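Data block for work22.cif (mmCIF, C-alpha atoms):
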```
data_input
loop_
_atom_site.label_atom_id
_atom_site.label_comp_id
_atom_site.auth_asym_id
_atom_site.auth_seq_id
_atom_site.Cartn_x
_atom_site.Cartn_y
_atom_site.Cartn_z
CA MET A 198 -78.70 -55.37 136.88
CA LYS A 199 -81.67 -53.16 137.68
CA SER A 200 -84.10 -53.83 140.50
CA LYS A 201 -87.55 -52.48 141.27
CA LYS A 202 -87.84 -50.13 144.22
CA ASN A 203 -89.08 -51.96 147.35
CA PHE A 204 -88.73 -55.30 145.53
CA SER A 205 -86.55 -58.02 147.05
CA PRO A 206 -85.78 -60.77 144.53
CA GLU A 207 -85.82 -64.42 145.58
CA ILE A 208 -82.35 -65.80 146.34
CA ARG A 209 -81.46 -69.30 145.17
CA CYS A 210 -78.17 -70.86 146.20
CA TYR A 211 -76.39 -73.47 144.12
CA GLU A 212 -73.39 -75.75 144.56
CA SER A 213 -72.93 -76.50 140.87
CA LEU A 214 -74.13 -74.96 137.61
CA SER A 215 -75.78 -78.32 136.90
CA ASP A 216 -78.00 -78.23 140.04
CA ASP A 217 -81.67 -79.02 139.45
CA PHE A 218 -84.09 -76.53 141.07
CA GLU A 219 -87.20 -78.10 139.55
CA ALA A 220 -86.88 -81.63 140.96
CA THR A 221 -90.28 -83.18 141.72
CA LYS A 222 -91.70 -86.46 142.99
CA ASN A 223 -91.81 -87.56 139.34
CA GLN A 224 -88.03 -87.39 138.90
CA GLY A 225 -87.81 -91.18 139.07
CA PHE A 226 -90.22 -91.76 136.20
CA ARG A 227 -88.89 -94.31 133.71
CA LEU A 228 -89.92 -95.19 130.17
CA GLU A 229 -91.42 -98.58 129.47
CA GLY A 230 -89.18 -101.05 127.70
CA ASN A 231 -91.42 -101.02 124.61
CA TYR A 232 -91.80 -97.23 124.53
CA GLU A 233 -92.47 -95.81 121.03
CA TRP A 234 -91.08 -92.36 120.20
CA ILE A 235 -93.17 -92.01 117.03
CA TYR A 236 -96.79 -91.74 118.19
CA ASP A 237 -98.47 -90.62 114.97
CA LYS A 238 -97.79 -93.64 112.78
CA SER A 239 -101.44 -94.10 111.77
CA PHE A 240 -103.69 -91.50 110.13
CA PRO A 241 -106.18 -91.26 113.07
CA LYS A 242 -103.33 -90.72 115.55
CA LYS A 243 -101.77 -88.15 113.25
CA ILE A 244 -105.04 -86.18 113.19
CA PHE A 245 -105.45 -86.46 116.97
CA SER A 246 -101.87 -85.31 117.52
CA SER A 247 -102.32 -82.33 115.19
CA LEU A 248 -105.51 -81.22 116.94
CA LEU A 249 -103.90 -81.41 120.38
CA TYR A 250 -100.88 -79.54 119.09
CA ALA A 251 -103.08 -76.74 117.72
CA LEU A 252 -104.86 -76.42 121.08
CA ALA A 253 -101.55 -76.40 122.95
CA TRP A 254 -100.17 -73.77 120.55
CA SER A 255 -103.16 -71.47 121.17
CA PHE A 256 -102.91 -71.88 124.94
CA GLY A 257 -99.15 -71.31 124.81
CA ALA A 258 -99.53 -68.10 122.81
CA LEU A 259 -101.87 -66.66 125.43
CA TYR A 260 -99.73 -67.86 128.34
CA CYS A 261 -96.53 -66.42 126.91
CA LYS A 262 -98.13 -63.08 126.09
CA LEU A 263 -100.20 -62.55 129.24
CA PHE A 264 -98.06 -64.16 131.94
CA LEU A 265 -94.49 -64.13 130.63
CA HIS A 266 -94.75 -60.96 128.53
CA VAL A 267 -92.77 -62.58 125.72
CA LYS A 268 -91.57 -60.73 122.65
CA ILE A 269 -89.81 -62.73 119.94
CA LYS A 270 -87.20 -61.17 117.68
CA LYS A 271 -86.75 -63.66 114.86
CA SER A 272 -83.83 -64.07 112.52
CA LYS A 273 -85.04 -63.32 109.00
CA ALA A 274 -83.14 -66.40 107.87
CA ILE A 275 -85.45 -68.76 109.77
CA LYS A 276 -88.23 -67.92 107.31
CA ASP A 277 -86.18 -69.59 104.56
CA PHE A 278 -86.36 -72.95 106.38
CA LYS A 279 -90.08 -73.62 106.04
CA GLY A 280 -89.36 -76.57 103.79
CA GLN A 281 -86.41 -77.94 105.75
CA GLY A 282 -85.86 -79.50 109.15
CA PHE A 283 -83.56 -77.84 111.67
CA PHE A 284 -82.50 -77.90 115.31
CA LEU A 285 -83.31 -75.09 117.74
CA TYR A 286 -81.13 -74.66 120.86
CA GLY A 287 -82.22 -72.53 123.81
CA ASN A 288 -81.28 -71.49 127.33
CA HIS A 289 -83.59 -73.20 129.84
CA THR A 290 -85.21 -70.52 132.01
CA GLN A 291 -88.96 -71.26 132.13
CA PRO A 292 -90.50 -74.52 133.42
CA VAL A 293 -93.72 -74.00 131.45
CA GLY A 294 -92.83 -71.27 128.96
CA ASP A 295 -90.00 -73.31 127.43
CA VAL A 296 -92.62 -75.80 126.28
CA PHE A 297 -94.42 -73.14 124.24
CA ILE A 298 -91.89 -70.47 123.22
CA PRO A 299 -90.20 -72.64 120.51
CA ALA A 300 -93.62 -73.34 118.96
CA LEU A 301 -94.28 -69.59 118.72
CA VAL A 302 -90.85 -69.12 117.16
CA CYS A 303 -91.54 -71.76 114.50
CA GLY A 304 -95.12 -70.76 113.73
CA THR A 305 -96.76 -73.40 111.56
CA LYS A 306 -93.74 -75.74 111.65
CA HIS A 307 -94.35 -78.54 114.17
CA ILE A 308 -91.74 -78.75 116.93
CA TYR A 309 -90.51 -81.78 118.87
CA THR A 310 -88.60 -81.25 122.11
CA ILE A 311 -85.95 -83.56 123.54
CA CYS A 312 -86.72 -83.76 127.24
CA SER A 313 -86.24 -85.69 130.47
CA PRO A 314 -88.51 -88.73 130.99
CA SER A 315 -89.60 -87.15 134.31
CA ASN A 316 -91.82 -84.76 132.32
CA LEU A 317 -93.96 -87.71 131.27
CA GLY A 318 -94.66 -88.46 134.94
CA LEU A 319 -96.55 -85.19 135.44
CA ALA A 320 -100.27 -85.48 136.17
CA ILE A 321 -102.50 -85.27 133.06
CA ILE A 322 -100.11 -83.27 130.86
CA GLY A 323 -97.42 -85.95 131.15
CA LYS A 324 -99.53 -88.38 129.13
CA LEU A 325 -100.24 -85.76 126.48
CA LEU A 326 -96.65 -84.64 125.89
CA PRO A 327 -95.60 -87.66 123.77
CA ILE A 328 -98.73 -87.21 121.65
CA ILE A 329 -98.03 -83.53 121.07
CA ALA A 330 -94.31 -82.95 120.84
CA ALA A 331 -92.06 -84.75 123.35
CA LEU A 332 -89.00 -86.88 122.57
CA PRO A 333 -87.96 -88.20 126.00
CA ILE A 334 -84.36 -89.26 126.50
CA PRO A 335 -84.16 -93.08 126.89
CA ASP A 336 -83.28 -94.77 130.17
CA LYS A 337 -81.71 -97.87 128.66
CA ALA A 338 -78.98 -98.34 126.08
CA SER A 339 -81.25 -100.78 124.24
CA GLN A 340 -83.68 -97.90 123.54
CA LEU A 341 -81.07 -95.52 122.17
CA SER A 342 -81.30 -96.57 118.53
CA ASP A 343 -85.10 -96.06 118.44
CA PHE A 344 -84.70 -92.64 120.06
CA LYS A 345 -82.08 -91.54 117.55
CA ALA A 346 -84.17 -92.83 114.65
CA ALA A 347 -87.16 -90.79 115.92
CA VAL A 348 -85.10 -87.58 116.10
CA PHE A 349 -83.72 -88.02 112.59
CA LYS A 350 -87.18 -88.93 111.26
CA ARG A 351 -88.63 -85.63 112.51
CA ILE A 352 -85.81 -83.75 110.78
CA GLU A 353 -86.49 -85.68 107.55
CA GLU A 354 -90.15 -84.67 107.91
CA GLU A 355 -88.97 -81.02 107.82
CA LYS A 356 -89.87 -80.41 111.48
CA CYS A 357 -87.96 -78.54 114.19
CA VAL A 358 -86.27 -80.45 117.01
CA VAL A 359 -85.72 -78.38 120.16
CA ILE A 360 -82.81 -79.03 122.53
CA TYR A 361 -82.03 -77.34 125.85
CA PRO A 362 -78.30 -78.10 126.32
CA GLU A 363 -78.23 -76.70 129.87
CA ALA A 364 -80.47 -79.69 130.79
CA HIS A 365 -82.07 -78.27 133.97
CA VAL A 366 -84.39 -75.27 134.32
CA TRP A 367 -83.03 -72.23 136.17
CA GLU A 368 -86.05 -69.97 136.26
CA TYR A 369 -85.37 -66.38 135.13
CA PHE A 370 -81.60 -66.95 135.07
CA THR A 371 -79.89 -64.20 133.07
CA GLU A 372 -76.62 -65.94 132.12
CA ILE A 373 -75.74 -68.93 129.95
CA ARG A 374 -74.62 -72.10 131.71
CA PRO A 375 -72.02 -74.51 130.25
CA PHE A 376 -73.02 -76.81 127.39
CA SER A 377 -71.88 -80.35 126.74
CA SER A 378 -70.69 -81.02 123.19
CA ALA A 379 -72.75 -84.24 123.37
CA SER A 380 -75.86 -82.06 122.99
CA PHE A 381 -74.73 -81.33 119.43
CA TYR A 382 -74.50 -84.96 118.31
CA PHE A 383 -77.67 -84.90 116.20
CA PRO A 384 -76.99 -81.91 113.93
CA CYS A 385 -73.36 -82.93 113.49
CA LYS A 386 -74.32 -86.48 112.59
CA SER A 387 -77.01 -85.45 110.11
CA LEU A 388 -75.27 -82.23 108.97
CA THR A 389 -78.43 -80.28 109.76
CA PRO A 390 -78.48 -76.49 110.29
CA CYS A 391 -79.21 -75.03 113.72
CA PHE A 392 -80.63 -71.86 115.22
CA CYS A 393 -80.19 -70.58 118.76
CA MET A 394 -82.94 -69.08 120.90
CA THR A 395 -81.79 -66.85 123.75
CA THR A 396 -84.36 -65.72 126.33
CA THR A 397 -83.42 -62.46 128.07
CA TYR A 398 -85.21 -60.47 130.80
CA GLN A 399 -85.92 -56.76 131.07
CA GLN A 400 -87.68 -54.56 133.61
CA ARG A 401 -91.29 -53.64 132.89
CA ARG A 402 -92.85 -50.29 133.67
CA HIS A 403 -95.53 -51.92 135.85
CA GLY A 404 -95.24 -54.96 138.10
CA THR A 405 -92.21 -56.77 139.44
CA LYS A 406 -92.12 -59.63 136.95
CA PRO A 407 -89.84 -58.95 133.98
CA LYS A 408 -90.71 -59.09 130.33
CA ALA A 409 -88.94 -61.70 128.21
CA THR A 410 -87.27 -60.85 124.91
CA VAL A 411 -86.33 -63.94 122.88
CA TYR A 412 -83.63 -63.56 120.22
CA ILE A 413 -83.29 -66.03 117.34
CA ASP A 414 -79.89 -66.28 115.64
CA GLY A 415 -78.56 -68.47 112.88
CA PRO A 416 -78.34 -70.58 110.93
CA PHE A 417 -75.23 -72.33 112.23
CA TYR A 418 -73.81 -75.21 110.20
CA PRO A 419 -71.73 -78.19 111.33
CA ASP A 420 -68.25 -78.07 109.82
CA GLU A 421 -68.06 -81.09 107.49
CA ARG A 422 -64.27 -80.77 107.25
CA LEU A 423 -63.82 -81.79 110.89
CA LYS A 424 -64.03 -85.15 112.60
CA LYS A 425 -67.18 -85.87 114.63
CA LYS A 426 -66.01 -84.77 118.09
CA GLN A 427 -64.22 -81.70 116.75
CA ARG A 428 -67.32 -80.83 114.72
CA GLN A 429 -69.51 -81.02 117.82
CA GLU A 430 -67.09 -78.95 119.88
CA LYS A 431 -66.88 -76.21 117.26
CA LEU A 432 -70.64 -75.98 116.82
CA LYS A 433 -71.12 -75.91 120.60
CA ASN A 434 -68.61 -73.07 120.99
CA GLU A 435 -70.13 -71.00 118.18
CA MET A 436 -73.67 -71.26 119.50
CA SER A 437 -72.67 -70.82 123.14
CA GLU A 438 -70.77 -67.62 122.34
CA CYS A 439 -73.70 -66.25 120.37
CA MET A 440 -76.09 -66.92 123.26
CA LYS A 441 -73.70 -65.39 125.80
CA LYS A 442 -73.60 -62.18 123.77
CA ARG A 443 -77.37 -62.11 123.51
CA SER A 444 -77.75 -62.77 127.26
CA GLN A 445 -76.11 -59.42 127.91
CA ARG A 446 -79.40 -57.86 126.80
CA SER A 447 -80.85 -58.90 130.18
CA ASN A 448 -81.00 -55.99 132.61
CA TYR A 449 -83.24 -57.24 135.39
CA GLU A 450 -82.95 -60.10 137.92
CA TYR A 451 -86.27 -61.45 139.17
CA ILE A 452 -84.50 -64.37 140.87
CA VAL A 453 -80.88 -64.03 142.02
CA TYR A 454 -78.63 -67.10 141.93
CA LYS A 455 -75.67 -67.24 144.31
CA GLU A 456 -73.02 -69.90 144.71
CA LYS A 457 -72.95 -71.54 148.15
CA ARG A 458 -69.87 -70.76 150.16
CA LYS A 459 -67.69 -73.79 150.74
#
```

Using the file provided, produce a representation of the structure as structure tokens.
Amino acid sequence: MKSKKNFSPEIRCYESLSDDFEATKNQGFRLEGNYEWIYDKSFPKKIFSSLLYALAWSFGALYCKLFLHVKIKKSKAIKDFKGQGFFLYGNHTQPVGDVFIPALVCGTKHIYTICSPSNLGLAIIGKLLPIIAALPIPDKASQLSDFKAAVFKRIEEEKCVVIYPEAHVWEYFTEIRPFSSASFYFPCKSLTPCFCMTTTYQQRRHGTKPKATVYIDGPFYPDERLKKKQRQEKLKNEMSECMKKRSQRSNYEYIVYKEKRK
């Protein structure tokens, strides 16, 4: 990996590849027992949600361009899915950018992101996320059926559902961490196509922060010939391998991650 002259990258040490570096005081936030995953059931709420989403999209476009220096290289195939729902899987490397980058990838197609409930505990923005695009993971088994129904409903509505299978954010990390096959339950259950979104980092001519190049690959299809668990495992392996190959396009480490010595 390259490094800027006279620049010393931040060092972060980890014990496990599942460590959480973005833990906050809101980590203990829990969903209410009567939480509703579908906010825009009525026409007025649908309009309000759409307006907020448009504002968030505009802000995100500026943020990604000016602060993260994002360039998106789309798969031509994704343009053929305007009238169809799909899942978008990405490596989780930006605490704020990962909220907006999928929306830029999908353009006019509304995205909904599966996320931790702790995001809803954030000041101000936490209350807006469910209105705009958040599908928080339930805390209780009794809520699971409503959560699943909401995910499948968004796919039926020809939207994009975003999943970060690495779970936790590792800011500016240049490799791909292990995935759980459980993250591929939804597309394998509904036999829905998937795309992968790999964020890579390159050195810029000016400044120490890298530019981000986001590659979109796919579509990937669940193998209907296999049983459920085998289907999930195969899809996971295919998408993970694709993202690992794309991650090799990174050539600059802004933050260096090192395993703690035991």

Selection dump of the PyMOL selection byres ((chain A and resi 250-258) around 7), as a list of chain:residue names
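Applying the expression gives A:Ser246, A:Ser247, A:Leu248, A:Leu249, A:Leu259, A:Tyr260, A:Cys261, A:Lys262, A:Phe297, A:Ala300, A:Leu301, A:Ile329.
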
Written file, previous selection with C-alpha atoms, as a CSV table (one decimal), in the frame of the given file:
```csv
chain,number,residue,atom,x,y,z
A,246,SER,CA,-101.9,-85.3,117.5
A,247,SER,CA,-102.3,-82.3,115.2
A,248,LEU,CA,-105.5,-81.2,116.9
A,249,LEU,CA,-103.9,-81.4,120.4
A,259,LEU,CA,-101.9,-66.7,125.4
A,260,TYR,CA,-99.7,-67.9,128.3
A,261,CYS,CA,-96.5,-66.4,126.9
A,262,LYS,CA,-98.1,-63.1,126.1
A,297,PHE,CA,-94.4,-73.1,124.2
A,300,ALA,CA,-93.6,-73.3,119.0
A,301,LEU,CA,-94.3,-69.6,118.7
A,329,ILE,CA,-98.0,-83.5,121.1
```

Which polymer residues have any atom within 12 Å of an atom of region 430-435 of chain A, counting all atoms listed in the file, with same-chain residues fewer than 2 positions away left out, as a ChimeraX atom specification?
/A:286,362-363,375-386,388-393,414-428,437-442

Could you give me, as JSON, numbers by chain, the residues within 7 Å of region 216-231 of chain A, counting all atoms listed in the file and dropping anything in the same chain fewer than 6 positions from it?
{"A": [314, 315, 318, 319, 335, 336, 365, 366, 367]}

Please, could you write that set of residues out with C-alpha atoms as a short mmCIF file (atom, residue, chain, number, x, y, z; two decimals), keeping the file's coordinate frame?
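And here's part24.cif as it stands now:
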```cif
data_model
loop_
_atom_site.label_atom_id
_atom_site.label_comp_id
_atom_site.auth_asym_id
_atom_site.auth_seq_id
_atom_site.Cartn_x
_atom_site.Cartn_y
_atom_site.Cartn_z
CA PRO A 314 -88.51 -88.73 130.99
CA SER A 315 -89.60 -87.15 134.31
CA GLY A 318 -94.66 -88.46 134.94
CA LEU A 319 -96.55 -85.19 135.44
CA PRO A 335 -84.16 -93.08 126.89
CA ASP A 336 -83.28 -94.77 130.17
CA HIS A 365 -82.07 -78.27 133.97
CA VAL A 366 -84.39 -75.27 134.32
CA TRP A 367 -83.03 -72.23 136.17
#
```

Spatial neighbours of Ile413 (chain A), max dist 6 Å, all atoms listed in the file, sep filter under 2 positions, as a PyMOL selection string
chain A and resi 271-272+393-394

Quick one: which residues end up in the PyMOL selection byres ((chain A and resi 346-359) around 9) for this structure, as JSON, numbers by chain?
{"A": [233, 234, 235, 278, 279, 280, 281, 282, 283, 284, 285, 286, 287, 299, 303, 306, 307, 308, 309, 310, 311, 312, 332, 341, 342, 343, 344, 345, 360, 361, 383, 387, 389]}

Answer key for the PyMOL selection byres ((chain A and resi 397) around 8), residues as an NGL selection string
:A and (371 or 395-396 or 398-399 or 409-412 or 443-447)

Distance in Å - CA of Met198 (chain A) versus CA of Asn448 (chain A):
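Distance between the two atoms: 4.9 Å.
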
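The two atoms in question, CA of Arg402 (chain A) and CA of Val453 (chain A), are spaced 20.0 Å apart.
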
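As for CA of Tyr211 (chain A) and CA of Ile322 (chain A), they are spaced 28.9 Å apart.
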
Would you kindly return, as a ChimeraX atom specification, each protein, DNA or RNA residue with an atom no farther than 12 Å from any atom of Ile208 (chain A), considering all atoms listed in the file and excluding same-chain residues fewer than 4 positions away?
/A:368-370,450-457

Let me make sure I understand: among A:Asp277, A:Asp237, A:Asp295, A:Glu207, which one has the smallest atom-to-atom distance to Pro327 (chain A) if we use only C-alpha atoms?
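Closest residue, counting only C-alpha atoms: A:Asp237.
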
Closest of A:Ile275, A:Leu265, A:Ala364, A:Met436 to Ser215 (chain A) - atom-to-atom distances counting only C-alpha atoms
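Using only C-alpha atoms, the shortest distance to Ser215 (chain A) belongs to A:Ala364.
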
Exercise on region 234-247 of chain A, axis-aligned box with 8 Å per side, report centre and edge lengths in Å to one decimal, as JSON:
```
{"center_x": -98.6, "center_y": -88.2, "center_z": 115.2, "size_x": 31.1, "size_y": 27.8, "size_z": 26.1}
```
